[in-house]
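Visitor: My structure is in final-v1.cif, and what it holds is mmCIF, C-alpha atoms (C1' of nucleotides):
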data_coords
#
loop_
_atom_site.label_atom_id
_atom_site.label_comp_id
_atom_site.auth_asym_id
_atom_site.auth_seq_id
_atom_site.Cartn_x
_atom_site.Cartn_y
_atom_site.Cartn_z
CA MET A 856 -92.97 110.11 76.37
CA SER A 857 -96.26 111.54 75.22
CA LEU A 858 -97.96 110.76 71.98
CA ARG A 859 -97.44 112.88 68.94
CA VAL A 860 -100.88 113.98 67.86
CA VAL A 861 -102.38 115.85 64.93
CA PHE A 862 -105.72 117.49 65.60
CA MET A 863 -108.33 118.05 62.91
CA GLY A 864 -111.35 120.24 63.45
CA THR A 865 -112.94 123.47 62.39
CA PRO A 866 -115.78 125.01 64.43
CA ASP A 867 -116.22 125.80 68.11
CA TYR A 868 -117.11 122.23 68.90
CA GLY A 869 -113.51 121.17 68.34
CA VAL A 870 -111.84 123.80 70.47
CA PRO A 871 -112.32 122.20 73.91
CA SER A 872 -110.83 118.95 72.62
CA LEU A 873 -107.84 120.71 71.15
CA GLU A 874 -107.26 122.63 74.35
CA ALA A 875 -107.63 119.47 76.38
CA LEU A 876 -104.95 117.77 74.31
CA ILE A 877 -102.57 120.62 74.85
CA GLN A 878 -103.29 120.84 78.52
CA ALA A 879 -102.94 117.11 79.00
CA GLY A 880 -99.43 117.41 77.71
CA TYR A 881 -99.75 115.72 74.35
CA ASP A 882 -97.35 116.73 71.65
CA VAL A 883 -99.74 118.43 69.25
CA ALA A 884 -97.59 118.54 66.15
CA GLY A 885 -100.09 120.23 63.90
CA VAL A 886 -103.68 121.28 63.45
CA PHE A 887 -105.77 120.74 60.36
CA CYS A 888 -108.83 122.81 59.62
CA GLN A 889 -110.80 123.91 56.62
CA PRO A 890 -109.57 126.75 54.45
CA ASP A 891 -110.41 130.31 55.51
CA LYS A 892 -113.45 131.71 53.82
CA PRO A 893 -114.79 135.20 53.63
CA SER A 894 -117.49 135.50 56.23
CA GLY A 895 -119.08 137.90 58.59
CA ARG A 896 -120.37 141.34 57.80
CA GLY A 897 -118.12 143.09 55.40
CA LYS A 898 -117.03 139.77 53.98
CA LYS A 899 -113.80 139.72 55.91
CA ILE A 900 -111.65 136.67 56.13
CA THR A 901 -112.12 135.15 59.53
CA PHE A 902 -110.09 132.34 61.01
CA CYS A 903 -112.16 129.43 62.22
CA PRO A 904 -112.22 128.88 66.00
CA VAL A 905 -109.90 125.90 65.85
CA LYS A 906 -107.35 127.84 63.84
CA GLN A 907 -107.48 130.72 66.26
CA CYS A 908 -106.89 128.35 69.11
CA ALA A 909 -103.96 126.71 67.34
CA ILE A 910 -102.34 130.03 66.58
CA ALA A 911 -102.76 131.13 70.17
CA HIS A 912 -100.77 128.08 71.22
CA GLY A 913 -98.17 128.40 68.51
CA ILE A 914 -99.15 125.20 66.75
CA PRO A 915 -98.63 124.98 62.98
CA VAL A 916 -101.91 125.10 61.03
CA PHE A 917 -102.65 123.27 57.79
CA GLN A 918 -105.68 124.01 55.66
CA PRO A 919 -105.90 121.58 52.80
CA VAL A 920 -108.69 122.01 50.28
CA LYS A 921 -109.21 118.26 50.31
CA THR A 922 -107.33 116.46 53.01
CA ARG A 923 -107.32 113.23 51.02
CA VAL A 924 -105.47 115.05 48.25
CA ASP A 925 -103.31 117.95 49.34
CA GLY A 926 -103.40 117.01 53.01
CA VAL A 927 -101.64 113.69 52.64
CA GLU A 928 -98.08 114.94 52.31
CA PRO A 929 -98.18 117.46 55.14
CA LEU A 930 -99.72 114.89 57.43
CA ARG A 931 -97.14 112.30 56.53
CA GLN A 932 -94.38 114.73 57.34
CA LEU A 933 -95.85 115.48 60.73
CA ALA A 934 -95.56 111.74 61.41
CA PRO A 935 -98.23 111.58 64.12
CA ASP A 936 -98.74 108.58 66.34
CA LEU A 937 -102.41 109.40 66.37
CA CYS A 938 -104.92 111.73 64.79
CA VAL A 939 -107.91 113.24 66.52
CA THR A 940 -110.88 114.63 64.65
CA ALA A 941 -113.76 116.71 65.96
CA ALA A 942 -116.20 118.20 63.48
CA PHE A 943 -113.48 118.52 60.89
CA GLY A 944 -115.80 118.44 57.92
CA HIS A 945 -113.55 116.54 55.57
CA ILE A 946 -113.92 112.90 54.61
CA LEU A 947 -110.68 111.08 55.24
CA SER A 948 -109.45 108.52 52.76
CA GLN A 949 -107.89 105.22 53.75
CA GLU A 950 -104.57 106.64 52.71
CA VAL A 951 -104.94 109.40 55.27
CA LEU A 952 -106.23 107.04 57.94
CA ASP A 953 -103.23 104.79 57.48
CA ILE A 954 -100.70 107.47 58.32
CA PRO A 955 -100.95 107.57 62.12
CA ARG A 956 -99.83 104.21 63.50
CA LEU A 957 -102.43 104.22 66.28
CA GLY A 958 -105.22 105.32 64.00
CA THR A 959 -107.62 108.23 64.10
CA VAL A 960 -109.97 108.91 66.98
CA ASN A 961 -113.14 110.90 66.34
CA VAL A 962 -115.11 112.73 69.01
CA HIS A 963 -118.72 112.45 67.89
CA ALA A 964 -121.57 114.32 69.55
CA SER A 965 -124.07 111.53 69.89
CA LEU A 966 -124.44 108.10 71.41
CA LEU A 967 -123.43 106.06 68.39
CA PRO A 968 -124.64 104.19 66.50
CA LYS A 969 -127.52 106.64 66.77
CA TYR A 970 -127.28 109.96 65.01
CA ARG A 971 -124.47 109.34 62.65
CA GLY A 972 -123.84 112.28 60.37
CA SER A 973 -122.85 115.90 60.52
CA ALA A 974 -125.59 117.35 62.67
CA PRO A 975 -126.23 114.86 65.46
CA VAL A 976 -127.03 117.41 68.11
CA ASN A 977 -129.60 119.24 66.03
CA TRP A 978 -131.39 116.07 65.10
CA ALA A 979 -131.40 114.71 68.62
CA LEU A 980 -133.19 117.87 69.72
CA ILE A 981 -135.58 117.86 66.78
CA ASN A 982 -136.56 114.33 67.67
CA GLY A 983 -137.22 115.31 71.24
CA GLU A 984 -134.49 113.21 72.81
CA THR A 985 -134.02 113.78 76.51
CA VAL A 986 -130.66 112.07 76.68
CA THR A 987 -127.81 112.23 74.23
CA GLY A 988 -124.08 112.12 74.67
CA VAL A 989 -120.65 111.87 73.13
CA THR A 990 -118.75 108.96 71.69
CA THR A 991 -115.09 108.47 70.99
CA MET A 992 -114.58 106.10 68.09
CA MET A 993 -112.00 104.85 65.66
CA THR A 994 -112.53 106.64 62.39
CA ASP A 995 -112.88 104.39 59.39
CA LYS A 996 -113.89 105.02 55.83
CA GLY A 997 -117.59 105.13 56.55
CA MET A 998 -119.63 107.99 57.91
CA ASP A 999 -119.26 107.63 61.67
CA THR A 1000 -119.27 103.86 61.39
CA GLY A 1001 -116.03 102.96 63.15
CA ASP A 1002 -115.61 101.00 66.35
CA ILE A 1003 -116.82 102.63 69.53
CA LEU A 1004 -114.23 103.28 72.22
CA MET A 1005 -115.93 105.18 75.01
CA GLN A 1006 -119.25 106.93 75.53
CA ARG A 1007 -120.73 109.29 78.02
CA GLN A 1008 -124.34 110.29 78.41
CA VAL A 1009 -125.44 113.89 78.69
CA ALA A 1010 -128.94 114.96 79.70
CA VAL A 1011 -130.78 117.34 77.42
CA GLU A 1012 -132.14 120.24 79.46
CA PRO A 1013 -135.54 121.70 78.61
CA GLY A 1014 -133.93 125.07 77.95
CA ASP A 1015 -131.31 123.70 75.59
CA ASN A 1016 -131.04 124.60 71.96
CA ALA A 1017 -128.42 123.31 69.57
CA GLY A 1018 -126.04 126.05 70.64
CA THR A 1019 -126.07 125.37 74.34
CA LEU A 1020 -126.10 121.63 73.90
CA VAL A 1021 -123.20 121.53 71.45
CA ASP A 1022 -121.29 123.61 73.92
CA ARG A 1023 -121.84 121.19 76.73
CA LEU A 1024 -121.17 118.16 74.58
CA ALA A 1025 -117.95 119.70 73.34
CA ARG A 1026 -116.67 120.00 76.88
CA VAL A 1027 -117.73 116.52 77.87
CA GLY A 1028 -116.24 115.25 74.64
CA ALA A 1029 -112.92 116.85 75.48
CA GLU A 1030 -112.80 115.06 78.81
CA LEU A 1031 -113.78 111.79 77.25
CA LEU A 1032 -111.12 112.22 74.59
CA ILE A 1033 -108.35 112.50 77.14
CA GLU A 1034 -109.71 109.53 79.04
CA THR A 1035 -109.77 107.56 75.82
CA LEU A 1036 -106.22 108.48 74.84
CA ARG A 1037 -104.91 107.54 78.27
CA ALA A 1038 -106.52 104.15 77.90
CA ILE A 1039 -105.11 103.72 74.42
CA GLU A 1040 -101.63 104.48 75.74
CA ASN A 1041 -102.09 101.92 78.51
CA GLY A 1042 -103.47 99.38 76.13
CA THR A 1043 -106.65 99.22 78.18
CA CYS A 1044 -109.03 100.98 75.89
CA PRO A 1045 -112.28 99.15 75.25
CA ARG A 1046 -113.36 98.79 71.68
CA ARG A 1047 -116.49 97.37 70.15
CA PRO A 1048 -118.07 97.49 66.75
CA GLN A 1049 -121.28 99.42 66.21
CA ILE A 1050 -124.48 97.47 66.02
CA GLU A 1051 -125.74 98.20 62.54
CA ALA A 1052 -129.33 97.32 63.35
CA GLU A 1053 -129.48 100.17 65.85
CA ALA A 1054 -127.81 102.74 63.65
CA SER A 1055 -129.41 105.89 62.36
CA TYR A 1056 -128.08 108.51 60.03
CA TYR A 1057 -129.17 112.13 59.71
CA PRO A 1058 -128.14 114.61 57.06
CA LEU A 1059 -126.34 117.91 57.27
CA LEU A 1060 -128.67 120.83 57.90
CA LYS A 1061 -129.41 123.28 55.16
CA LYS A 1062 -130.83 126.74 55.37
CA GLU A 1063 -134.11 125.80 53.74
CA MET A 1064 -134.68 123.03 56.27
CA GLY A 1065 -135.49 125.68 58.83
CA VAL A 1066 -138.98 126.30 57.48
CA MET A 1067 -141.55 125.10 59.97
CA ASP A 1068 -144.27 122.73 58.97
CA LEU A 1069 -147.06 124.29 60.98
CA GLY A 1070 -149.15 121.19 60.45
CA LYS A 1071 -147.03 119.41 63.02
CA SER A 1072 -147.89 119.41 66.68
CA ALA A 1073 -146.88 122.29 68.88
CA ARG A 1074 -144.67 119.91 70.81
CA GLN A 1075 -142.79 118.91 67.69
CA LEU A 1076 -142.46 122.51 66.55
CA CYS A 1077 -140.99 123.36 69.90
CA ASP A 1078 -138.36 120.66 69.59
CA PHE A 1079 -137.77 121.73 66.02
CA THR A 1080 -137.14 125.27 67.20
CA ARG A 1081 -134.61 124.09 69.73
CA GLY A 1082 -132.84 121.91 67.22
CA MET A 1083 -132.63 124.51 64.48
CA ASN A 1084 -131.26 127.31 66.63
CA PRO A 1085 -128.97 129.09 66.52
CA TRP A 1086 -128.52 127.87 62.96
CA PRO A 1087 -130.23 127.68 60.50
CA GLY A 1088 -133.10 128.96 62.62
CA ALA A 1089 -136.74 127.89 62.68
CA TYR A 1090 -138.98 129.98 60.47
CA ALA A 1091 -142.70 130.50 60.81
CA GLY A 1092 -143.50 132.53 57.75
CA ALA A 1093 -141.24 135.56 57.67
CA TYR A 1094 -140.37 135.27 61.34
CA LYS A 1095 -137.55 133.39 62.88
CA VAL A 1096 -138.69 131.69 66.04
CA LEU A 1097 -135.92 131.61 68.62
CA GLU A 1098 -137.75 130.15 71.55
CA ALA A 1099 -141.21 128.76 71.91
CA ARG A 1100 -143.48 126.74 74.12
CA ALA A 1101 -146.25 124.30 73.35
CA GLU A 1102 -149.68 125.21 74.70
CA ASP A 1103 -152.98 123.42 74.68
CA TRP A 1104 -155.53 124.86 72.33
CA ALA A 1105 -158.99 123.77 71.37
CA GLY A 1106 -160.26 125.35 68.21
CA THR A 1107 -160.84 124.77 64.57
CA GLU A 1108 -158.48 127.35 63.10
CA ALA A 1109 -156.19 126.30 60.30
CA PRO A 1110 -152.57 125.64 61.22
CA GLY A 1111 -150.64 128.87 60.92
CA THR A 1112 -153.47 131.05 62.16
CA ILE A 1113 -152.45 133.80 64.54
CA LEU A 1114 -154.40 133.17 67.71
CA LYS A 1115 -153.09 135.88 69.96
CA ALA A 1116 -150.81 138.78 69.24
CA ASP A 1117 -150.47 141.46 71.83
CA ALA A 1118 -147.93 142.79 74.26
CA LYS A 1119 -149.57 141.05 77.18
CA GLN A 1120 -149.98 137.52 75.96
CA GLY A 1121 -147.37 137.39 73.26
CA LEU A 1122 -147.71 135.56 70.01
CA TRP A 1123 -149.68 132.33 69.71
CA ILE A 1124 -149.80 130.43 66.46
CA ARG A 1125 -152.08 127.53 65.70
CA ALA A 1126 -150.19 124.30 65.12
CA GLY A 1127 -151.46 121.00 63.77
CA GLU A 1128 -152.12 120.10 67.36
CA GLY A 1129 -152.11 122.67 70.12
CA ALA A 1130 -150.68 126.14 69.83
CA LEU A 1131 -147.12 127.33 69.48
CA ARG A 1132 -146.48 130.15 71.89
CA VAL A 1133 -143.59 132.19 70.59
CA LEU A 1134 -141.43 133.58 73.36
CA ARG A 1135 -138.49 134.99 71.48
CA MET A 1136 -138.46 135.86 67.83
CA GLN A 1137 -136.73 137.86 65.17
CA ALA A 1138 -138.22 139.63 62.18
CA ALA A 1139 -136.32 139.95 58.93
CA GLY A 1140 -133.59 142.49 59.35
CA GLY A 1141 -134.36 142.92 63.00
CA LYS A 1142 -132.69 141.87 66.15
CA PRO A 1143 -133.81 139.07 68.42
CA MET A 1144 -136.42 140.12 70.94
CA ASN A 1145 -139.18 138.86 73.15
CA ALA A 1146 -142.42 138.35 71.29
CA CYS A 1147 -144.10 140.74 73.71
CA ASP A 1148 -141.57 143.44 72.98
CA TYR A 1149 -141.98 142.97 69.29
CA LEU A 1150 -145.73 143.33 69.53
CA ARG A 1151 -145.50 146.63 71.37
CA GLY A 1152 -144.28 148.27 68.23
CA HIS A 1153 -145.69 146.04 65.50
CA GLN A 1154 -149.21 145.06 64.60
CA MET A 1155 -150.11 141.49 63.77
CA GLU A 1156 -153.65 140.65 62.80
CA VAL A 1157 -155.29 138.01 64.96
CA GLY A 1158 -157.12 135.48 62.84
CA ALA A 1159 -154.88 135.93 59.84
CA LEU A 1160 -152.36 133.36 58.74
CA ILE A 1161 -148.83 133.96 59.89
CA ALA A 1162 -146.85 136.31 57.71
CA PRO A 1163 -146.33 136.33 54.02
CA ASP A 1164 -143.18 134.26 53.94
CA LYS A 1165 -141.33 136.58 51.66
CA THR A 1166 -140.13 133.51 49.84
CA ASP A 1167 -137.61 134.76 47.25
CA ALA A 1168 -134.50 133.02 46.17
CA GLU A 1169 -131.94 130.75 47.68
"C1'" C B 291 -115.21 148.99 49.02
"C1'" G B 292 -120.27 142.10 48.69
"C1'" C B 293 -125.87 143.52 49.52
"C1'" G B 294 -129.30 145.62 53.03
"C1'" G B 295 -131.93 147.49 57.81
"C1'" G B 296 -131.39 150.48 62.14
"C1'" G B 297 -129.95 154.07 66.69
"C1'" U B 298 -136.43 158.93 69.14
"C1'" A B 299 -138.96 157.97 77.37
"C1'" G B 300 -137.53 151.71 81.01
"C1'" A B 301 -139.19 148.23 76.35
"C1'" G B 302 -140.95 148.03 71.17
"C1'" C B 303 -142.14 151.48 67.32
"C1'" A B 304 -144.25 156.08 64.39
"C1'" G B 305 -142.69 160.84 63.00
"C1'" U B 306 -137.67 162.45 58.53
"C1'" U B 307 -140.65 162.76 51.80
"C1'" C B 308 -142.27 168.76 52.05
"C1'" G B 309 -137.84 171.98 58.65
"C1'" G B 310 -142.36 175.07 62.68
"C1'" U B 311 -145.08 172.93 70.45
"C1'" A B 312 -142.19 165.13 70.85
"C1'" G B 313 -146.32 161.00 69.42
"C1'" C B 314 -148.25 155.57 69.79
"C1'" U B 315 -148.50 150.68 72.32
"C1'" C B 316 -146.65 148.58 76.78
"C1'" G B 317 -144.37 149.24 81.41
"C1'" U B 318 -144.02 152.51 85.75
"C1'" C B 319 -146.26 155.95 89.68
"C1'" G B 320 -150.99 157.95 91.81
"C1'" G B 321 -156.39 157.71 91.89
"C1'" G B 322 -161.17 155.31 90.54
"C1'" C B 323 -164.42 151.07 89.26
"C1'" U B 324 -165.01 145.67 90.25
"C1'" C B 325 -166.45 139.58 94.12
"C1'" A B 326 -162.25 139.63 90.95
"C1'" U B 327 -158.55 140.33 86.91
"C1'" A B 328 -153.02 140.26 82.28
"C1'" A B 329 -159.90 143.90 82.30
"C1'" C B 330 -161.76 149.01 82.17
"C1'" C B 331 -161.72 154.60 83.37
"C1'" C B 332 -158.98 159.20 85.05
"C1'" G B 333 -154.39 161.59 86.04
"C1'" G B 334 -148.81 162.05 86.50
"C1'" A B 335 -143.58 161.24 85.92
"C1'" G B 336 -140.05 159.99 82.44
"C1'" G B 337 -136.60 162.11 76.05
"C1'" U B 338 -128.90 165.69 75.54
"C1'" C B 339 -134.17 162.35 69.19
"C1'" G B 340 -126.35 157.71 68.77
"C1'" A B 341 -121.90 161.68 68.68
"C1'" G B 342 -119.65 166.11 66.46
"C1'" G B 343 -119.83 170.00 63.01
"C1'" G B 344 -122.62 172.94 59.24
"C1'" U B 345 -127.08 175.58 56.91
"C1'" U B 346 -131.39 178.30 59.12
"C1'" C B 347 -135.30 183.06 62.54
"C1'" A B 348 -136.15 177.77 63.56
"C1'" A B 349 -133.28 170.98 62.75
"C1'" G B 350 -135.57 164.41 65.18
"C1'" U B 351 -136.35 166.28 60.02
"C1'" C B 352 -131.64 169.27 55.28
"C1'" C B 353 -125.75 168.84 54.34
"C1'" C B 354 -120.79 166.72 55.97
"C1'" U B 355 -117.89 163.56 59.31
"C1'" C B 356 -117.65 159.78 62.95
"C1'" C B 357 -119.31 155.82 66.49
"C1'" C B 358 -122.36 151.67 67.56
"C1'" C B 359 -126.05 147.66 66.58
"C1'" C B 360 -128.43 144.10 63.37
"C1'" G B 361 -130.16 141.01 58.87
"C1'" C B 362 -128.47 138.46 54.23
"C1'" A B 363 -124.35 135.88 52.84
"C1'" A B 364 -120.84 131.92 55.05
#
Please rewrite the model in this file as structure tokens.

Guide:
Amino acid sequence: MSLRVVFMGTPDYGVPSLEALIQAGYDVAGVFCQPDKPSGRGKKITFCPVKQCAIAHGIPVFQPVKTRVDGVEPLRQLAPDLCVTAAFGHILSQEVLDIPRLGTVNVHASLLPKYRGSAPVNWALINGETVTGVTTMMTDKGMDTGDILMQRQVAVEPGDNAGTLVDRLARVGAELLIETLRAIENGTCPRRPQIEAEASYYPLLKKEMGVMDLGKSARQLCDFTRGMNPWPGAYAGAYKVLEARAEDWAGTEAPGTILKADAKQGLWIRAGEGALRVLRMQAAGGKPMNACDYLRGHQMEVGALIAPDKTDAE
RNA sequence: CGCGGGGUAGAGCAGUUCGGUAGCUCGUCGGGCUCAUAACCCGGAGGUCGAGGGUUCAAGUCCCUCCCCCGCAA
């Protein structure tokens, strides 16, 4: 007899895990995700990816405002053996954690205890990691502090940004989740506490964190660009940098100076060390395009500082 | 009706205010120059101006309708 499971998640990252549970034959009694919010152009209500997936499989969906308050009763009634979370976005109280008899397993997109927090993939990229991974762990009251069950490493490819990497990690995480649950059922699942001394925590990303510090090295700005895309995006002045490369540059220009800007060579911006060569970019209100394409129709003055970052509110 | 930008040559844009021969940068094709080049010079091809309707002697441009794309916001 298969376990009765309740899945909790919201964005794309959770979908592969949910699908894996269903496909592996678990009895997914219900799905929790965050309340629907108006989003998208036109401010339409859009169902989150996890909810769409649940509906497609005919699984009941619950969307508590605060799971530790109005989610308690529904969860209790579902009487799960086990809960699985994947980027759910709600902090679970002890009361909630106590409901499933086998506990709550979280699928975290980093090699814990490194990169605890809500944006592990972004930060791993920003820090220039070449290897990251996924961890299944027992959720406790802390922020990603519970005991580690299983881990799997995933290589970071040079062409990765947060979007592509999250995607890959989500799929690996789904596999690891099933492997973990099988082991739990057999009573063979490994389990070890996290080593606090090796732990690191990184905060949730905010829109304003996307502003580039052009005083940093080109290498760092490159990693920053990868980590901040597709959201919130890495901004150099008024331009969103989608893809960039670090180039050597000897010169005394101030960071932020436009070094090259034409349809042949593309856009080069002076960094604290080296030059940031912008490959793909997006101007305010415009669509994403190659820097060379952009420069065919727009003038940028070489020698000037990059863009008047139109500042304004947030 | 949340706010806003846009659809013109293969790519990126200007031209629309005030209707009057379709323009720029790049690419492409041909030729030239050069030890050489992503350099430079000369020449050519390539456009139902998102779709439909209307006004007009004349519409990319003015009026109406529709389709599509994108940014903010999340």

Visitor: For a quick test of understanding: name the residues of chain A lying within 8 Å of chain B when counting all atoms listed in the file, and present them as a list in words.

Guide: Lys892, Pro893, Ser894, Gly895, Gly897, Lys898, Ala1118, Lys1119, Gln1120, Ala1139, Gly1140, Gly1141, Lys1142, Asp1148, Tyr1149, Leu1150, Arg1151, Gly1152 and His1153 of chain A

Visitor: Would you output that residue set with C-alpha atoms, as an mmCIF file, in the frame of the given file?

Guide:
data_model
loop_
_atom_site.group_PDB
_atom_site.id
_atom_site.type_symbol
_atom_site.label_atom_id
_atom_site.label_comp_id
_atom_site.auth_asym_id
_atom_site.auth_seq_id
_atom_site.Cartn_x
_atom_site.Cartn_y
_atom_site.Cartn_z
ATOM 1 C CA LYS A 892 -113.450 131.710 53.820
ATOM 2 C CA PRO A 893 -114.790 135.200 53.630
ATOM 3 C CA SER A 894 -117.490 135.500 56.230
ATOM 4 C CA GLY A 895 -119.080 137.900 58.590
ATOM 5 C CA GLY A 897 -118.120 143.090 55.400
ATOM 6 C CA LYS A 898 -117.030 139.770 53.980
ATOM 7 C CA ALA A 1118 -147.930 142.790 74.260
ATOM 8 C CA LYS A 1119 -149.570 141.050 77.180
ATOM 9 C CA GLN A 1120 -149.980 137.520 75.960
ATOM 10 C CA ALA A 1139 -136.320 139.950 58.930
ATOM 11 C CA GLY A 1140 -133.590 142.490 59.350
ATOM 12 C CA GLY A 1141 -134.360 142.920 63.000
ATOM 13 C CA LYS A 1142 -132.690 141.870 66.150
ATOM 14 C CA ASP A 1148 -141.570 143.440 72.980
ATOM 15 C CA TYR A 1149 -141.980 142.970 69.290
ATOM 16 C CA LEU A 1150 -145.730 143.330 69.530
ATOM 17 C CA ARG A 1151 -145.500 146.630 71.370
ATOM 18 C CA GLY A 1152 -144.280 148.270 68.230
ATOM 19 C CA HIS A 1153 -145.690 146.040 65.500
#

Visitor: Find the distance between atom CA of A:Cys1044 and atom CA of A:Gly1001 and write it in Å to one decimal.

Guide: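 The value is 14.7 Å.
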
Visitor: Which residues are close to A:Pro929, i.e. within 12 Å by all atoms listed in the file, leaving aside same-chain residues fewer than 6 positions away? Reply as a PyMOL selection string.

Guide: chain A and resi 861+884-887+915-919+922-923+935+951+954

Visitor: Create the file for the chosen residues now, containing C-alpha atoms and written as a PDB file, in the frame of the given file.

Guide:
ATOM      1  CA  VAL A 861    -102.380 115.850  64.930  1.00  0.00           C
ATOM      2  CA  ALA A 884     -97.590 118.540  66.150  1.00  0.00           C
ATOM      3  CA  GLY A 885    -100.090 120.230  63.900  1.00  0.00           C
ATOM      4  CA  VAL A 886    -103.680 121.280  63.450  1.00  0.00           C
ATOM      5  CA  PHE A 887    -105.770 120.740  60.360  1.00  0.00           C
ATOM      6  CA  PRO A 915     -98.630 124.980  62.980  1.00  0.00           C
ATOM      7  CA  VAL A 916    -101.910 125.100  61.030  1.00  0.00           C
ATOM      8  CA  PHE A 917    -102.650 123.270  57.790  1.00  0.00           C
ATOM      9  CA  GLN A 918    -105.680 124.010  55.660  1.00  0.00           C
ATOM     10  CA  PRO A 919    -105.900 121.580  52.800  1.00  0.00           C
ATOM     11  CA  THR A 922    -107.330 116.460  53.010  1.00  0.00           C
ATOM     12  CA  ARG A 923    -107.320 113.230  51.020  1.00  0.00           C
ATOM     13  CA  PRO A 935     -98.230 111.580  64.120  1.00  0.00           C
ATOM     14  CA  VAL A 951    -104.940 109.400  55.270  1.00  0.00           C
ATOM     15  CA  ILE A 954    -100.700 107.470  58.320  1.00  0.00           C
TER      16      ILE A 954
END

Visitor: So that I can see what lies close to B:C356, please list as a ChimeraX atom specification the residues with an atom at most 12 Å from it, counting all atoms listed in the file and leaving out residues fewer than 4 positions away in the same chain.

Guide: /B:340-343

Visitor: For a test of reading the model, state the distance in Å between atom CA of A:Pro890 and atom CA of A:Met863, rounded to one decimal.

Guide: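 For atom CA of A:Pro890 relative to atom CA of A:Met863, the distance reads 12.2 Å.
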
Visitor: Taking 4 positions as the minimum chain separation for residues in the same chain, which residues sit within 12 Å of B:G321 when counting only C-alpha atoms (C1' of nucleotides)? Answer as JSON, numbers by chain.

Guide: {"B": [331, 332, 333, 334]}

Visitor: As a check of understanding, name the residues that the PyMOL selection byres ((chain A and resi 991) around 10) selects in the supplied structure, as an MDAnalysis selection string.

Guide: chainID A and resid 939:941 960:967 989:990 992:994 1001:1007 1028:1029 1031:1036 1046

Visitor: If I take atom CA of A:Gly1106 and atom CA of A:Glu1128, how far is one from the other in Å, to one decimal?

Guide: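 Going from atom CA of A:Gly1106 over to atom CA of A:Glu1128 covers 9.7 Å.
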
Visitor: Find, counting only C-alpha atoms, the residue in A:Val870, A:Ala1146, A:Leu1134, A:Ala1052 that gets nearest to A:Lys969.

Guide: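 For A:Lys969, the nearest of the candidates is A:Ala1052.
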
Visitor: Counting only C-alpha atoms, figure out which residue out of A:Glu1098, A:Glu1051, A:Asp1078, A:Glu1156 gets nearest to A:Ile1113.

Guide: A:Glu1156

Visitor: Write out as a ChimeraX atom specification the residues lying within 9 Å of B:A312, counting all atoms listed in the file and excluding same-chain residues fewer than 2 positions away.

Guide: /B:298,305,337,339,350

Visitor: Those same residues, written as a PDB file, in the coordinates of the input with C-alpha atoms (C1' of nucleotides)?

Guide:
ATOM      1  C1'   U B 298    -136.430 158.930  69.140  1.00  0.00           C
ATOM      2  C1'   G B 305    -142.690 160.840  63.000  1.00  0.00           C
ATOM      3  C1'   G B 337    -136.600 162.110  76.050  1.00  0.00           C
ATOM      4  C1'   C B 339    -134.170 162.350  69.190  1.00  0.00           C
ATOM      5  C1'   G B 350    -135.570 164.410  65.180  1.00  0.00           C
TER       6        G B 350
END

Visitor: What do you get, as a list in words, if you spell out every residue that the PyMOL selection byres ((chain A and resi 949) around 12) selects here?

Guide: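 Selection result, ordered by chain and number: Thr922, Arg923, Val924, Val927, Ile946, Leu947, Ser948, Glu950, Val951, Leu952, Asp953, Ile954, Pro955, Gly958, Thr959, Thr994, Asp995, Lys996 and Gly997 of chain A.
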
Visitor: Taking the file as shown, find all residues satisfying the PyMOL selection byres ((chain A and resi 879) around 12) and write them as a PyMOL selection string.

Guide: chain A and resi 857-858+860+871-878+880-883+1029-1030+1032-1034+1036-1037

Visitor: Looking at all atoms listed in the file, which of B:G310, B:G297, B:G322, B:G317 is the one that sits closest to B:C347?

Guide: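 The shortest atom-to-atom distance to B:C347 comes from B:G310.
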
Visitor: Nearest residue to A:Tyr970 out of A:Pro1058, A:Gly1014, A:Pro1085, A:Pro1045, using only C-alpha atoms?

Guide: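 Going through A:Pro1058, A:Gly1014, A:Pro1085, A:Pro1045 one by one, the smallest distance to A:Tyr970 is for A:Pro1058.
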
Visitor: Find, counting all atoms listed in the file, the residue in A:Asp1015, A:Asp891, A:Asp1117, A:Glu928 that gets nearest to A:Met1083.

Guide: A:Asp1015

Visitor: Please output stretch 876-881 of chain A, rebuilt to include N, CA and C atoms, as a CSV table (one decimal), keeping the file's coordinate frame.

Guide:
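Output below, filename part.csv:
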chain,number,residue,atom,x,y,z
A,876,LEU,N,-106.2,118.5,74.7
A,876,LEU,CA,-105.0,117.8,74.3
A,876,LEU,C,-103.7,118.5,74.7
A,877,ILE,N,-103.7,119.8,74.5
A,877,ILE,CA,-102.6,120.6,74.8
A,877,ILE,C,-102.3,120.6,76.3
A,878,GLN,N,-103.4,120.8,77.1
A,878,GLN,CA,-103.3,120.8,78.5
A,878,GLN,C,-102.9,119.5,79.1
A,879,ALA,N,-103.3,118.4,78.5
A,879,ALA,CA,-102.9,117.1,79.0
A,879,ALA,C,-101.5,116.7,78.7
A,880,GLY,N,-100.8,117.6,77.9
A,880,GLY,CA,-99.4,117.4,77.7
A,880,GLY,C,-99.1,116.6,76.4
A,881,TYR,N,-100.1,116.4,75.6
A,881,TYR,CA,-99.8,115.7,74.4
A,881,TYR,C,-99.0,116.6,73.4
